[in-house]
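To keep things clear, I will list the structure first and then write my remarks on it.
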Amino acid sequence: MNFSEFIKKYANHPDYISPTGNELHAKSWQTEAPLRMLLNNLDRRVAENPDELVVYGGTGQAARNPEALLQIIKCLLELDENHSLLVQSGKAVGVVRTHPEAPRVFIANSNLVPVWATWDHFEKLKERGLMMYGQMTAGSWIYIGSQGILQGTFETFAACGAKYFNGELRHKLIVSGGLGGMGGAQPLAATMAGATYLGIDVDPERILKRVESGYLDHISYSYSEAKELVVKAKKLGKAISVGLVADIGDILEQLIIDGITPDIVTDQTSAHDPLFGYVPNGLTLEAARTLRKIAPQKYKDLSMKSMARHVGFMLEMQKLGAVVFDYGNNLREMGFQGGEKGAYNYNGFIPEFIRPLFCEGKGPFRWAALSGDPKDIRVTDEALIEAFPNNLRMITWLQKAQKQVEFQGLPARICWLGMGEREKAGLLFNKLVREGKLKAPIVIGRDHLDCGSVASPNRETEKMLDGSDAVSDWPLLNLMANTGGGATWVSFHHGGGVGMGYSQHAGMVVLADGTKRAENCIQRVLFNDPAMGIYRHNDAGYDIAAENMTTFNLNFK
Ligand code: NAD
């Protein structure tokens, strides 16, 4: 197939789809893999808005513009194993000499010198076509749809249940805002954990997308109908989810007026981006679109004020007895800037629930079947269940996921694994490919939201024991460790999750194509990557991390 035939079939803007099967289009699986994952990121079944090349998280893009994307595709189709492609904020900018065990693609997205790292400066550059916002897995080509966040959300809700509700979320009501790419995982994660769920989004299209993908049970356009449904379900202990078309602030206010205090309140609107991610209170979607264009500063001011109001209601619910936590969208900071001075009076989800897992090198390990065949994922699920018979939490998750998770685009799976486990799983997948038990190679990656790959003081590194929240040497070391180890593609981004100025983070994906080369790379990368989490938390003074330094023989002095 020549280039124009390939583009016509797989990348006819805005209709993107990954090739499937085991026939190569690029020169090797090392370049076919990033090519497929890039196209998969933009597949309408996966991406929130392929017309704008937006994958998730407000404006998180996979490539800078359609022309730049074509160039990247062309390079990947032609690249050999002694060269690597350089991608700068979604545009191919060069090819360097490397070697077969080096990463095939080096990606840097949205990085700005710290003093210039503001949304205003970024927007100016973006307008001039010089940058794009890469979010975390959008610009690093390992987004796998809402499932990517599903298990993390399930773990978080379950951990919240364990900490505050004796491990039982039945008869408990969770209320949250935002049903977008990430936020859309909340209803299914909540019902999987046994809770009743009410999600609020201003955009009915977004809610309908969750109903279609099986992540949400009902859509409602009426507050009283939605309220009745969830209050009744909570009473009966029924794990159902309802998506209500409305402004989140208005609904929290109305619930307070009606004397309904949810058990858990959080939020997943794209608060990190006050211009494109949050719709100010009182505006219709249409009015918001217009105002955004004609008066962006006014829009941002209204947005921040609305977030202050929104956070104010969350604080009120906390006083009324709800467990309230920030779910990684920087809502507290935006609310604070908008005038709610008590915004930081509730915790973020990392110090509340996730940090102990980070100390074990645990995080969102994920993989995708390049064959496109769902049976390949089933084979990997079963292999993991056999290989880790004592990991009951993982087994429960995989069995639930098999029944309840619909794949979007290339079949994929996520499951939190830690030090030792990731390497074992990676080698197992490579063996399954070698033995022909899978129809094509597997790619193994993770979110940048991981144990040793991110500096984000309002999220992953909030309230570190030694106060090193803002030290971003760590994600840079992570990038270097994974580059040196031979990941298949690596990335370094700014601003993911919480917005420009607030985070720096590294990504990696490693290929399991059944070869000895892949085995070498997997052994190094899937050791180094979780080890970085243990090193980072040990250095910050966490006892669990210190114990894991010994358990995994990581002491180096
Ligand atoms: P998204 O942009 O796809 O979805 C955001 C949704 O919020 C949209 O559907 C939008 O209509 C809705 N919304 C905006 N203003 C609203 C309002 N006033 N009331 C009700 N709904 C409103 O974003 P996403 O991919 O779902 O990500 C959500 C946020 O979570 C982002 O800030 C992202 O950075 C963050 N995030 C969190 C995690 C995590 O692990 N917790 C991981 C990745 C991203």
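Following the order of the structure tokens, first chain is A, next is B, and so on, with residues numbered from 1 inside each chain and ligands from 1 in the order they appear.
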
Compile a residue-level contact table for chain A against ligand 1 at a cut-off of 7 Å, reporting for every qualifying residue the shortest atom pair and its distance in Å to one decimal, with only C-alpha atoms and all ligand atoms counted, rows ordered by chain and ascending number, as a Markdown table.
| residue | atom | partner | partner_atom_place_in_ligand_line | distance |
| --- | --- | --- | --- | --- |
| A:Glu48 | CA | ligand 1 | 3 (O) | 6.3 |
| A:Tyr56 | CA | ligand 1 | 25 (O) | 4.3 |
| A:Gly57 | CA | ligand 1 | 25 (O) | 3.2 |
| A:Gly58 | CA | ligand 1 | 2 (O) | 3.3 |
| A:Thr59 | CA | ligand 1 | 2 (O) | 6.9 |
| A:Ile149 | CA | ligand 1 | 40 (O) | 6.3 |
| A:Gly152 | CA | ligand 1 | 40 (O) | 6.7 |
| A:Gly177 | CA | ligand 1 | 20 (C) | 5.3 |
| A:Gly178 | CA | ligand 1 | 7 (O) | 3.7 |
| A:Leu179 | CA | ligand 1 | 9 (O) | 4.8 |
| A:Gly180 | CA | ligand 1 | 4 (O) | 3.2 |
| A:Gly181 | CA | ligand 1 | 25 (O) | 3.8 |
| A:Met182 | CA | ligand 1 | 26 (O) | 3.5 |
| A:Gly183 | CA | ligand 1 | 26 (O) | 3.8 |
| A:Gly184 | CA | ligand 1 | 26 (O) | 6.1 |
| A:Ile200 | CA | ligand 1 | 20 (C) | 5.3 |
| A:Asp201 | CA | ligand 1 | 21 (N) | 3.5 |
| A:Val202 | CA | ligand 1 | 21 (N) | 4.4 |
| A:Asp203 | CA | ligand 1 | 11 (O) | 4.5 |
| A:Arg206 | CA | ligand 1 | 9 (O) | 5.2 |
| A:Ala246 | CA | ligand 1 | 20 (C) | 6.0 |
| A:Asp247 | CA | ligand 1 | 19 (N) | 3.7 |
| A:Ile248 | CA | ligand 1 | 19 (N) | 4.0 |
| A:Gly249 | CA | ligand 1 | 18 (N) | 6.6 |
| A:Gln268 | CA | ligand 1 | 28 (C) | 4.4 |
| A:Thr269 | CA | ligand 1 | 7 (O) | 3.5 |
| A:Ser270 | CA | ligand 1 | 32 (O) | 3.5 |
| A:Ala271 | CA | ligand 1 | 32 (O) | 5.1 |
| A:His272 | CA | ligand 1 | 32 (O) | 4.7 |
| A:Gly277 | CA | ligand 1 | 2 (O) | 5.4 |
| A:Tyr278 | CA | ligand 1 | 15 (N) | 3.5 |
| A:Val279 | CA | ligand 1 | 15 (N) | 3.9 |
| A:Pro280 | CA | ligand 1 | 18 (N) | 5.5 |
| A:Asn281 | CA | ligand 1 | 18 (N) | 5.8 |
| A:Tyr327 | CA | ligand 1 | 41 (N) | 4.6 |
| A:Gly328 | CA | ligand 1 | 41 (N) | 4.3 |
| A:Asn329 | CA | ligand 1 | 32 (O) | 3.6 |
| A:Asn330 | CA | ligand 1 | 32 (O) | 6.7 |
| A:Leu449 | CA | ligand 1 | 40 (O) | 6.8 |
| A:Gly496 | CA | ligand 1 | 34 (O) | 6.1 |
| A:Gly497 | CA | ligand 1 | 34 (O) | 3.1 |
| A:Val498 | CA | ligand 1 | 34 (O) | 5.4 |

**OP:** May I have the residues within 12 Å of A:Leu302 as JSON, numbers by chain, using only C-alpha atoms and disregarding those fewer than 6 positions away in the same chain?
**Re:** {"A": [274, 275, 278, 279, 280, 281, 282, 283, 288, 291, 292, 295, 296, 308, 309, 334, 335, 337, 338, 339]}

Counting only C-alpha atoms, which residues in stretch 262-369 of chain A sit no more than 10 Å from stretch 411-418 of chain A? For each one, give the nearest pair of atoms and the distance in Å, sorted by chain then residue number, as JSON lines.
{"residue": "A:Leu357", "atom": "CA", "partner": "A:Gly418", "partner_atom": "CA", "distance": 8.0}
{"residue": "A:Phe358", "atom": "CA", "partner": "A:Gly418", "partner_atom": "CA", "distance": 8.3}
{"residue": "A:Cys359", "atom": "CA", "partner": "A:Gly418", "partner_atom": "CA", "distance": 9.3}
{"residue": "A:Glu360", "atom": "CA", "partner": "A:Gly418", "partner_atom": "CA", "distance": 6.1}
{"residue": "A:Gly361", "atom": "CA", "partner": "A:Gly418", "partner_atom": "CA", "distance": 4.8}
{"residue": "A:Lys362", "atom": "CA", "partner": "A:Gly418", "partner_atom": "CA", "distance": 3.7}
{"residue": "A:Gly363", "atom": "CA", "partner": "A:Trp416", "partner_atom": "CA", "distance": 4.9}
{"residue": "A:Pro364", "atom": "CA", "partner": "A:Trp416", "partner_atom": "CA", "distance": 4.6}
{"residue": "A:Phe365", "atom": "CA", "partner": "A:Trp416", "partner_atom": "CA", "distance": 5.4}
{"residue": "A:Arg366", "atom": "CA", "partner": "A:Ile414", "partner_atom": "CA", "distance": 4.1}
{"residue": "A:Trp367", "atom": "CA", "partner": "A:Arg413", "partner_atom": "CA", "distance": 5.5}
{"residue": "A:Ala368", "atom": "CA", "partner": "A:Ala412", "partner_atom": "CA", "distance": 4.0}
{"residue": "A:Ala369", "atom": "CA", "partner": "A:Pro411", "partner_atom": "CA", "distance": 5.7}

Original post:
Which distance in Å separates atom CA of A:Glu123 and atom CA of A:Asn65, to one decimal?
Top reply: 14.9 Å

**OP:** Might you pull out every residue within 10 Å of A:Ile219, with only C-alpha atoms counted and same-chain residues fewer than 5 positions away left off, and present them as a list in words?
**Re:**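 Listing them by chain and then by number gives Gly199, Ile200, Pro204, Ile207, Leu208, Arg210, Val211, Ala226, Ser241, Val242, Gly243, Leu244 and Val245 of chain A.
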
**OP:** Apply DSSP to the backbone of this structure and, from stretch 45-110 of chain A, keep only the residues in strand (DSSP E); write these as JSON, numbers by chain.
**Re:** {"A": [54, 55, 56, 60, 61, 83, 84, 85, 86, 87, 88, 91, 92, 93, 94, 95, 96, 97, 105, 106, 107, 108, 109]}

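For the atom pair formed by atom CA of A:Val46 and atom CA of A:Trp489, the distance is 20.4 Å, given to one decimal.
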
**OP:** Please provide the set of residues having any atom within 10 Å of A:Ala68, restricted to only C-alpha atoms, with same-chain residues fewer than 2 positions apart removed, written as JSON, numbers by chain.
**Re:** {"A": [63, 64, 65, 66, 70, 71, 72, 73, 74, 87, 89, 90, 91, 92, 93]}

The selected residues should be written to file as a compact mmCIF listing (two decimals), in the first residue's frame (atoms: N, CA and C atoms).
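Contents of again.txt, freshly written:
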# COMPACT_ATOMS: atom_id res chain seq x y z
N ALA A 63 -1.53 15.32 17.93
CA ALA A 63 -0.61 15.95 16.98
C ALA A 63 -1.03 17.40 16.83
N ARG A 64 -0.12 18.25 16.32
CA ARG A 64 -0.37 19.69 16.37
C ARG A 64 -1.49 20.13 15.42
N ASN A 65 -1.46 19.61 14.21
CA ASN A 65 -2.51 19.92 13.23
C ASN A 65 -2.51 18.81 12.18
N PRO A 66 -3.51 18.75 11.29
CA PRO A 66 -3.58 17.62 10.36
C PRO A 66 -2.34 17.50 9.47
N LEU A 70 0.19 14.22 9.29
CA LEU A 70 0.56 13.48 8.07
C LEU A 70 2.08 13.28 8.01
N GLN A 71 2.80 14.32 8.38
CA GLN A 71 4.26 14.24 8.35
C GLN A 71 4.77 13.17 9.33
N ILE A 72 4.18 13.14 10.52
CA ILE A 72 4.59 12.13 11.52
C ILE A 72 4.31 10.73 10.96
N ILE A 73 3.13 10.56 10.36
CA ILE A 73 2.77 9.24 9.83
C ILE A 73 3.78 8.83 8.76
N LYS A 74 4.12 9.77 7.88
CA LYS A 74 5.08 9.49 6.81
C LYS A 74 6.42 9.05 7.39
N VAL A 87 9.72 14.46 17.94
CA VAL A 87 8.42 15.13 17.81
C VAL A 87 8.35 16.26 18.83
N SER A 89 6.04 19.11 20.37
CA SER A 89 4.65 19.54 20.49
C SER A 89 3.83 19.17 19.26
N GLY A 90 3.82 17.88 18.98
CA GLY A 90 2.93 17.34 17.95
C GLY A 90 3.37 17.52 16.52
N LYS A 91 4.65 17.85 16.31
CA LYS A 91 5.14 18.03 14.94
C LYS A 91 6.50 17.34 14.80
N ALA A 92 6.69 16.61 13.68
CA ALA A 92 7.99 15.96 13.44
C ALA A 92 9.00 17.05 13.10
N VAL A 93 10.14 17.03 13.81
CA VAL A 93 11.11 18.10 13.55
C VAL A 93 12.50 17.57 13.19
